[in-house]
Amino acid sequence: MNKTILTSLIFFFLSLSLIAQVGTLTGIVSDVNGEPLELINVSVKNYPLGTSTNSNGYFEIEAKPEIEYVIVFSSITHKIVEKKIVLKAGQQIKLNIALDSKSEQIQEIDIEDKQVRKTSLSRLDPKILTVIPETSGNFESIIKTLPGVSSNNELSSQYSVRGGNFDENLIYVNDVQIYRPFLIRSGQQEGLSFINSDMVSSVLFSAGGFDAKYGDKMSSVLDIRYKKPTKFGGAVSASLMGGAVMLEGRSKNSKFTHITGFRYKTSEYVLNSLETEGTYDPKFLDFQTYLTYALSKKFEVSLLGNIANNSFTFSPQNRKTKFGTVNDALELDMYYEGQEVDKFQTGTGAATLTFKPHDRLNLKLVGSGFVTNEQETFDILTAYAINAVSNDLGSDNLGDSIANLGAGTYLLHGRNFLYATIIAVEHKGNFYNGFQNWQWGIKAQQERIEDQLNEWKMVDSAGYSMPLDENELMMFYSARANNTIISMRYNAFLQNTNTYDIHSNELNVTIGARAAYWDYNDEFVVSPRVNIALEPDWEKDFVFRFSTGFYHQPAFYKEMRTREGILNENIKAQKSTHFVLGADYNFKAWGRPFKLVAEAYYKHLTDLVYYQVDNVRIIYSGQNDTDGYAYGLDMKINGEFVKGVDSWLSLSVMRTQEKLRQLHSDELDDEGNEIVLHPGYMPRPSDQRVNLGMFFQDYFPGNPDYKMHMQINFGTGLPFNQPSKTLRYDRLRTKAYQRVDIGFSKVLKRSNKNYPKGHYLHHVTDAWISAEAFNLFDRENTISHEWVTDYQGREYGVENSLTGFRLNVKLTVHF
């Protein structure tokens, strides 16, 4: 209650502001052909004022009178224009500007973004994804090299941020929250992520301390905007792993825009580098469209649609893996019968009505829906043998199996089906008076989830069924459930951003709060948040930021379901309190622009739901049974290490631990009562202490048509458990994740080179061909473990490795 009163008082006093007579500058920004340009930055040099153009190219700025201002028009695609003006009190000046496109093939990277720089968000260039060498081909690969972000699976688009798990990250596309399939358990099944990189125009990402306008998750937010095309165009790409087609256009009267993409992917070529030999048949299809229509100068309607059909069929045959040490060399031989057949069909749709009574006020009504139909079926019988391997350097049998140490079989069975629909209606608003920016929203969402779970595992280890029971055949693990949930969620937010000029030092303060209610468990939570940014009037270009707030994550279906399929109707929201202190510094070295960013953070975590990770599947306990913390330091430097092309290096140091409130040991005391333990802090499954990411670009001197693109990922080992251990805090660690992907490209057609009509390249804007080497050093990275037992009862965790070295060829054409 005190928290709510404090938030209300803050908003009350914040709304009291002085009213002064001002002058107004309005105008339209267009290209040289007279077409209006959207999202052009319009800023006032050396003053904390600015805006951006709307879909009609219109802008409006209010400023104090009798001062000479320099108005700067800029974007990453057009040349900068500066105009001087002097406003009088109550005067309105109209200034129309035409911008020329940048024609250089290698552009100087503008790393200054005043509107985003003073928030916890960072802006990314979506064009990078067209050249970054990456196995999955998903948009999220660009996120994995950022500070605070870790991922140890190149087949998956999922990632963890600052000690969180995959389910703690928000993704928005054009104000619509994006959902993933529920039953995915491995990167092999995952396929294409929702985001189509060919359709993206803007990318914002925050690793923590984000504003109240973003939803109810604990770790991060990825905010994507799709393009509103200004002319007809398209793109075609093809590689050994699939292809994509994109078409875009705009009507002659500029009222209607469309952009549509189709993608096909098959990862069979890459999966054949795995240790387990067999028949892999992955097929992933995706169709997506974004349409807008201006009903009038004040009303606009837009439609976003996506249909995805992902299927994965796998028939394993055999596997041979050497493990152990030099002095105790062992080999695991495995033989399989059966197959796995998975299907994931998802659809997302959204309609947005935008009303702009005037350019200071923007109102939106968004209706969205998500549907998923998932099935996961498998029957796989596995027989294994553990053999000792000869390590005698002088023997002809070096490396051969010389003795059998253990044998066993296990049978996996699964018939899992899930159908879910999520329907939401939301209103969002934005009011900007030149000095303050108010944003608000309210949302109602219905969820219906039907889940049929039926899976079990039977283990026959060294001639004995595990667990051993003299009276009946026991399953090593079994889960059977038939759950249906229909519930409503309601949430709302309000936030204000104010800019103060304090002795030529610019201070930005954003204060806001979120409220959320879920009728399933009758829980109501309030999350106030504050972000403060200071740009001092120094010779050197620094910005300092501090953000704090409450980040409550009400439970979703996965968190409330135990491994056995039982639902916890009393589960509460997981809670995280963020404290983030950061700074960034823009500077020049060797005459080229650079940016250095650093953030230190601490997260206090309560009411956590304990979980374990198997590949990309998160297995929750279904209880609010742990508390924890996370702290660390993130650093990133980016800029033109090579003149004209952007590269970056990020480094993160982090620690996250949790403490179980109580732990049942399955042991009894002298009186026959179960012993309950209270263990201390233990590493969370995402406790990756050091993480390094790098993306580097270069080109041949004097010939930028030949380029090199390299991505490097390094992360220290992650904690994991030995299944037979009762004490879950007794954790081991995987070996470090190390991977280098490199690509070489040749530009076939430059954007500034024109061909006459009739030439086959006349309609091509640009084109290039790439040769890529995935996992250049063929590093055997670990994703999980296969647990087997020998005749003496010793348990071995044999590493399940990820993909090996592979070559790829890719052709990309824009027109």
# chains A, B, ... in the order shown; residues from 1 in each chain; ligands from 1

$ closest_atom_pairs --of "stretch 115-223 of chain A" --to "stretch 545-566 of chain A" --cutoff "10 Å" --atoms "only C-alpha atoms" --output "JSON lines"
{"residue": "A:Arg117", "atom": "CA", "partner": "A:Arg545", "partner_atom": "CA", "distance": 9.3}
{"residue": "A:Lys118", "atom": "CA", "partner": "A:Arg545", "partner_atom": "CA", "distance": 7.0}
{"residue": "A:Thr119", "atom": "CA", "partner": "A:Arg545", "partner_atom": "CA", "distance": 7.5}
{"residue": "A:Ser120", "atom": "CA", "partner": "A:Ser547", "partner_atom": "CA", "distance": 7.7}
{"residue": "A:Asp167", "atom": "CA", "partner": "A:Lys558", "partner_atom": "CA", "distance": 8.9}
{"residue": "A:Glu168", "atom": "CA", "partner": "A:Gln553", "partner_atom": "CA", "distance": 7.9}
{"residue": "A:Phe182", "atom": "CA", "partner": "A:Lys558", "partner_atom": "CA", "distance": 7.5}
{"residue": "A:Leu183", "atom": "CA", "partner": "A:Lys558", "partner_atom": "CA", "distance": 9.4}
{"residue": "A:Gly208", "atom": "CA", "partner": "A:Ser547", "partner_atom": "CA", "distance": 8.8}
{"residue": "A:Gly209", "atom": "CA", "partner": "A:Ser547", "partner_atom": "CA", "distance": 5.4}
{"residue": "A:Phe210", "atom": "CA", "partner": "A:Ser547", "partner_atom": "CA", "distance": 7.8}
{"residue": "A:Asp211", "atom": "CA", "partner": "A:Gly549", "partner_atom": "CA", "distance": 8.8}
{"residue": "A:Ala212", "atom": "CA", "partner": "A:Gly549", "partner_atom": "CA", "distance": 8.8}
{"residue": "A:Gly215", "atom": "CA", "partner": "A:Gln553", "partner_atom": "CA", "distance": 8.7}
{"residue": "A:Asp216", "atom": "CA", "partner": "A:Gln553", "partner_atom": "CA", "distance": 5.0}
{"residue": "A:Lys217", "atom": "CA", "partner": "A:Gln553", "partner_atom": "CA", "distance": 4.8}
{"residue": "A:Met218", "atom": "CA", "partner": "A:Tyr551", "partner_atom": "CA", "distance": 5.2}
{"residue": "A:Ser219", "atom": "CA", "partner": "A:Tyr551", "partner_atom": "CA", "distance": 8.3}

$ write_last_selection --atoms "all heavy atoms" --output "tab-separated table (two decimals), in the first residue's frame"
chain	number	residue	atom	x	y	z
A	117	ARG	N	19.56	7.18	-26.23
A	117	ARG	CA	20.78	7.14	-25.43
A	117	ARG	C	20.52	7.34	-23.95
A	117	ARG	O	21.25	6.84	-23.10
A	117	ARG	CB	21.75	8.20	-25.95
A	117	ARG	CG	23.16	8.06	-25.40
A	117	ARG	CD	24.05	9.16	-25.94
A	117	ARG	NE	25.38	9.06	-25.39
A	117	ARG	CZ	26.26	10.04	-25.40
A	117	ARG	NH1	25.95	11.19	-25.98
A	117	ARG	NH2	27.46	9.88	-24.86
A	118	LYS	N	19.49	8.11	-23.62
A	118	LYS	CA	19.23	8.44	-22.22
A	118	LYS	C	18.26	7.45	-21.57
A	118	LYS	O	17.70	7.74	-20.51
A	118	LYS	CB	18.71	9.87	-22.13
A	118	LYS	CG	19.74	10.89	-22.61
A	118	LYS	CD	19.20	12.29	-22.58
A	118	LYS	CE	20.26	13.28	-23.05
A	118	LYS	NZ	20.62	13.08	-24.45
A	119	THR	N	18.05	6.32	-22.20
A	119	THR	CA	17.23	5.25	-21.62
A	119	THR	C	18.11	4.01	-21.44
A	119	THR	O	19.30	4.01	-21.75
A	119	THR	CB	16.04	4.91	-22.53
A	119	THR	OG1	16.53	4.25	-23.72
A	119	THR	CG2	15.29	6.17	-22.93
A	120	SER	N	17.50	2.96	-20.93
A	120	SER	CA	18.24	1.69	-20.78
A	120	SER	C	18.33	0.93	-22.10
A	120	SER	O	18.95	-0.13	-22.16
A	120	SER	CB	17.55	0.81	-19.74
A	120	SER	OG	16.26	0.42	-20.20
A	167	ASP	N	12.47	-17.77	-20.45
A	167	ASP	CA	11.08	-17.33	-20.33
A	167	ASP	C	10.94	-15.96	-19.68
A	167	ASP	O	9.83	-15.52	-19.40
A	167	ASP	CB	10.27	-18.35	-19.52
A	167	ASP	CG	10.17	-19.69	-20.23
A	167	ASP	OD1	10.21	-19.69	-21.47
A	167	ASP	OD2	10.06	-20.71	-19.54
A	168	GLU	N	12.06	-15.29	-19.42
A	168	GLU	CA	12.02	-13.99	-18.74
A	168	GLU	C	12.25	-12.83	-19.70
A	168	GLU	O	12.48	-11.70	-19.25
A	168	GLU	CB	13.05	-13.96	-17.62
A	168	GLU	CG	12.78	-14.98	-16.52
A	168	GLU	CD	13.86	-14.99	-15.45
A	168	GLU	OE1	14.67	-14.04	-15.42
A	168	GLU	OE2	13.90	-15.94	-14.65
A	182	PHE	N	5.17	-23.81	-26.73
A	182	PHE	CA	5.37	-24.23	-25.35
A	182	PHE	C	6.23	-25.50	-25.24
A	182	PHE	O	6.98	-25.65	-24.28
A	182	PHE	CB	4.01	-24.52	-24.69
A	182	PHE	CG	3.17	-23.29	-24.47
A	182	PHE	CD1	2.48	-22.71	-25.51
A	182	PHE	CD2	3.06	-22.74	-23.21
A	182	PHE	CE1	1.69	-21.59	-25.31
A	182	PHE	CE2	2.27	-21.61	-22.99
A	182	PHE	CZ	1.59	-21.03	-24.05
A	183	LEU	N	6.09	-26.44	-26.16
A	183	LEU	CA	6.64	-27.78	-25.98
A	183	LEU	C	8.05	-27.98	-26.51
A	183	LEU	O	8.59	-29.08	-26.43
A	183	LEU	CB	5.72	-28.83	-26.64
A	183	LEU	CG	4.30	-28.93	-26.08
A	183	LEU	CD1	3.54	-30.04	-26.80
A	183	LEU	CD2	4.31	-29.18	-24.58
A	208	GLY	N	17.97	-4.74	-18.95
A	208	GLY	CA	17.48	-4.56	-17.59
A	208	GLY	C	17.27	-3.10	-17.27
A	208	GLY	O	17.85	-2.21	-17.88
A	209	GLY	N	16.42	-2.84	-16.28
A	209	GLY	CA	16.13	-1.48	-15.89
A	209	GLY	C	15.26	-0.74	-16.90
A	209	GLY	O	15.31	0.48	-16.98
A	210	PHE	N	14.43	-1.47	-17.65
A	210	PHE	CA	13.63	-0.85	-18.71
A	210	PHE	C	12.38	-0.19	-18.13
A	210	PHE	O	11.98	-0.43	-16.99
A	210	PHE	CB	13.26	-1.86	-19.79
A	210	PHE	CG	12.83	-3.21	-19.29
A	210	PHE	CD1	11.51	-3.48	-19.02
A	210	PHE	CD2	13.77	-4.23	-19.10
A	210	PHE	CE1	11.10	-4.72	-18.56
A	210	PHE	CE2	13.38	-5.48	-18.65
A	210	PHE	CZ	12.04	-5.73	-18.38
A	211	ASP	N	11.75	0.65	-18.97
A	211	ASP	CA	10.64	1.50	-18.53
A	211	ASP	C	9.38	0.70	-18.23
A	211	ASP	O	9.21	-0.46	-18.65
A	211	ASP	CB	10.32	2.55	-19.59
A	211	ASP	CG	11.45	3.56	-19.76
A	211	ASP	OD1	12.30	3.64	-18.85
A	211	ASP	OD2	11.48	4.25	-20.79
A	212	ALA	N	8.43	1.38	-17.58
A	212	ALA	CA	7.16	0.75	-17.19
A	212	ALA	C	6.28	0.42	-18.39
A	212	ALA	O	5.38	-0.42	-18.28
A	212	ALA	CB	6.41	1.66	-16.23
A	215	GLY	N	6.37	-4.80	-20.66
A	215	GLY	CA	5.52	-5.69	-19.88
A	215	GLY	C	6.12	-6.35	-18.67
A	215	GLY	O	7.14	-5.93	-18.13
A	216	ASP	N	5.48	-7.43	-18.28
A	216	ASP	CA	5.71	-8.04	-16.97
A	216	ASP	C	6.65	-9.24	-17.08
A	216	ASP	O	6.25	-10.39	-16.88
A	216	ASP	CB	4.36	-8.46	-16.38
A	216	ASP	CG	3.40	-7.29	-16.29
A	216	ASP	OD1	3.75	-6.31	-15.63
A	216	ASP	OD2	2.32	-7.35	-16.91
A	217	LYS	N	7.89	-8.95	-17.38
A	217	LYS	CA	8.96	-9.96	-17.37
A	217	LYS	C	10.13	-9.41	-16.57
A	217	LYS	O	10.28	-8.20	-16.38
A	217	LYS	CB	9.41	-10.31	-18.78
A	217	LYS	CG	8.33	-10.93	-19.66
A	217	LYS	CD	8.11	-12.40	-19.34
A	217	LYS	CE	7.18	-13.05	-20.36
A	217	LYS	NZ	6.98	-14.49	-20.10
A	218	MET	N	11.02	-10.31	-16.13
A	218	MET	CA	12.05	-9.91	-15.17
A	218	MET	C	13.40	-9.55	-15.79
A	218	MET	O	14.23	-8.93	-15.12
A	218	MET	CB	12.28	-11.04	-14.16
A	218	MET	CG	11.10	-11.32	-13.25
A	218	MET	SD	11.55	-12.34	-11.83
A	218	MET	CE	12.09	-13.85	-12.64
A	219	SER	N	13.66	-9.93	-17.04
A	219	SER	CA	15.03	-9.82	-17.51
A	219	SER	C	15.26	-8.78	-18.60
A	219	SER	O	16.06	-7.86	-18.43
A	219	SER	CB	15.53	-11.19	-18.00
A	219	SER	OG	15.75	-12.05	-16.92

$ residues_around --residues "A:Val29" --least-positions-apart "3" --cutoff "8 Å" --atoms "only C-alpha atoms" --output "number ranges by chain"
A: 36-37, 40, 53, 57-59, 96-99

$ atom_distance --atom1 "atom CA of A:Lys457" --atom2 "atom CA of A:Gln188"
20.8 Å

$ atom_distance --atom1 "atom CA of A:Asp31" --atom2 "atom CA of A:His78"
8.7 Å

$ atom_distance --atom1 "atom CA of A:Thr409" --atom2 "atom CA of A:Asp333"
11.6 Å

$ select_by_dssp --residues "stretch 390-561 of chain A" --states "helix (DSSP H, G or I)" --output "VMD selection string"
chain A and resid 557 to 560

$ residues_around --residues "A:Phe355" --least-positions-apart "6" --cutoff "12 Å" --atoms "only C-alpha atoms" --output "number ranges by chain"
A: 294-302, 361-366, 427-430

$ residues_around --residues "A:Ala767" --least-positions-apart "5" --cutoff "7 Å" --atoms "only C-alpha atoms" --output "list in words"
Val747, Leu748, Lys749, Thr812, Val813 and His814 of chain A

$ select_by_dssp --residues "stretch 221-285 of chain A" --states "strand (DSSP E)" --output "PyMOL selection string"
chain A and resi 221-226+233-239+242-250+256-265+277-285

$ write_last_selection --atoms "C-alpha atoms" --output "short mmCIF file (atom, residue, chain, number, x, y, z; two decimals), in the first residue's frame"
data_model
loop_
_atom_site.label_atom_id
_atom_site.label_comp_id
_atom_site.auth_asym_id
_atom_site.auth_seq_id
_atom_site.Cartn_x
_atom_site.Cartn_y
_atom_site.Cartn_z
CA VAL A 221 12.98 -6.46 -23.68
CA LEU A 222 13.46 -6.59 -27.46
CA ASP A 223 11.39 -3.96 -29.27
CA ILE A 224 11.08 -4.47 -33.04
CA ARG A 225 9.49 -2.19 -35.62
CA TYR A 226 8.65 -3.40 -39.12
CA GLY A 233 11.22 -3.27 -53.67
CA GLY A 234 12.11 -6.68 -52.43
CA ALA A 235 14.79 -9.18 -51.46
CA VAL A 236 15.64 -12.77 -52.31
CA SER A 237 18.14 -14.96 -50.45
CA ALA A 238 19.10 -18.60 -50.75
CA SER A 239 21.61 -20.86 -49.01
CA GLY A 242 16.89 -22.58 -47.03
CA GLY A 243 15.76 -19.34 -48.56
CA ALA A 244 13.57 -16.26 -48.19
CA VAL A 245 11.57 -13.87 -50.37
CA MET A 246 10.37 -10.41 -49.37
CA LEU A 247 8.23 -7.92 -51.34
CA GLU A 248 7.37 -4.37 -50.29
CA GLY A 249 5.62 -1.39 -51.81
CA ARG A 250 3.59 1.77 -51.46
CA PHE A 256 -1.33 2.09 -48.53
CA THR A 257 1.93 0.26 -47.72
CA HIS A 258 2.68 -3.43 -47.66
CA ILE A 259 5.59 -5.69 -46.82
CA THR A 260 5.36 -9.48 -47.02
CA GLY A 261 7.91 -12.21 -46.40
CA PHE A 262 8.09 -15.96 -46.95
CA ARG A 263 10.83 -18.11 -45.40
CA TYR A 264 11.83 -21.75 -45.69
CA LYS A 265 14.49 -23.44 -43.59
CA GLU A 277 23.72 -40.59 -36.68
CA GLY A 278 20.29 -41.05 -38.17
CA THR A 279 17.70 -39.55 -40.45
CA TYR A 280 16.95 -35.89 -39.72
CA ASP A 281 14.01 -34.31 -41.50
CA PRO A 282 13.39 -30.75 -40.24
CA LYS A 283 11.10 -28.50 -42.30
CA PHE A 284 10.24 -24.98 -41.21
CA LEU A 285 7.91 -22.63 -43.14
#

$ residues_around --residues "A:Lys213" --least-positions-apart "5" --cutoff "10 Å" --atoms "only C-alpha atoms" --output "ChimeraX atom specification"
/A:428,439-441,492-495,512-514,529

$ closest_atom_pairs --of "stretch 345-443 of chain A" --to "stretch 776-795 of chain A" --cutoff "7 Å" --atoms "only C-alpha atoms" --output "JSON lines"
{"residue": "A:Ile386", "atom": "CA", "partner": "A:Asp790", "partner_atom": "CA", "distance": 6.8}
{"residue": "A:Leu405", "atom": "CA", "partner": "A:Asp790", "partner_atom": "CA", "distance": 5.7}
{"residue": "A:Gly406", "atom": "CA", "partner": "A:Asp790", "partner_atom": "CA", "distance": 3.9}
{"residue": "A:Ala407", "atom": "CA", "partner": "A:Asp790", "partner_atom": "CA", "distance": 6.5}

$ write_last_selection --atoms "N, CA, C and O atoms" --output "short mmCIF file (atom, residue, chain, number, x, y, z; two decimals), in the first residue's frame"
data_model
loop_
_atom_site.label_atom_id
_atom_site.label_comp_id
_atom_site.auth_asym_id
_atom_site.auth_seq_id
_atom_site.Cartn_x
_atom_site.Cartn_y
_atom_site.Cartn_z
N ILE A 386 29.10 -49.49 -22.21
CA ILE A 386 30.25 -48.71 -21.76
C ILE A 386 31.48 -49.61 -21.85
O ILE A 386 31.52 -50.67 -21.22
N LEU A 405 32.34 -52.55 -19.52
CA LEU A 405 32.16 -52.15 -18.12
C LEU A 405 30.70 -52.05 -17.71
O LEU A 405 30.40 -52.00 -16.52
N GLY A 406 29.82 -51.98 -18.69
CA GLY A 406 28.42 -51.85 -18.34
C GLY A 406 27.55 -51.86 -19.58
O GLY A 406 28.01 -51.59 -20.69
N ALA A 407 26.27 -52.19 -19.38
CA ALA A 407 25.33 -52.21 -20.49
C ALA A 407 23.94 -51.97 -19.93
O ALA A 407 23.66 -52.21 -18.75
#

$ closest_residue --among "A:Asp614, A:Asp392, A:Asp627, A:Glu599" --to "A:Arg162" --atoms "only C-alpha atoms"
A:Glu599
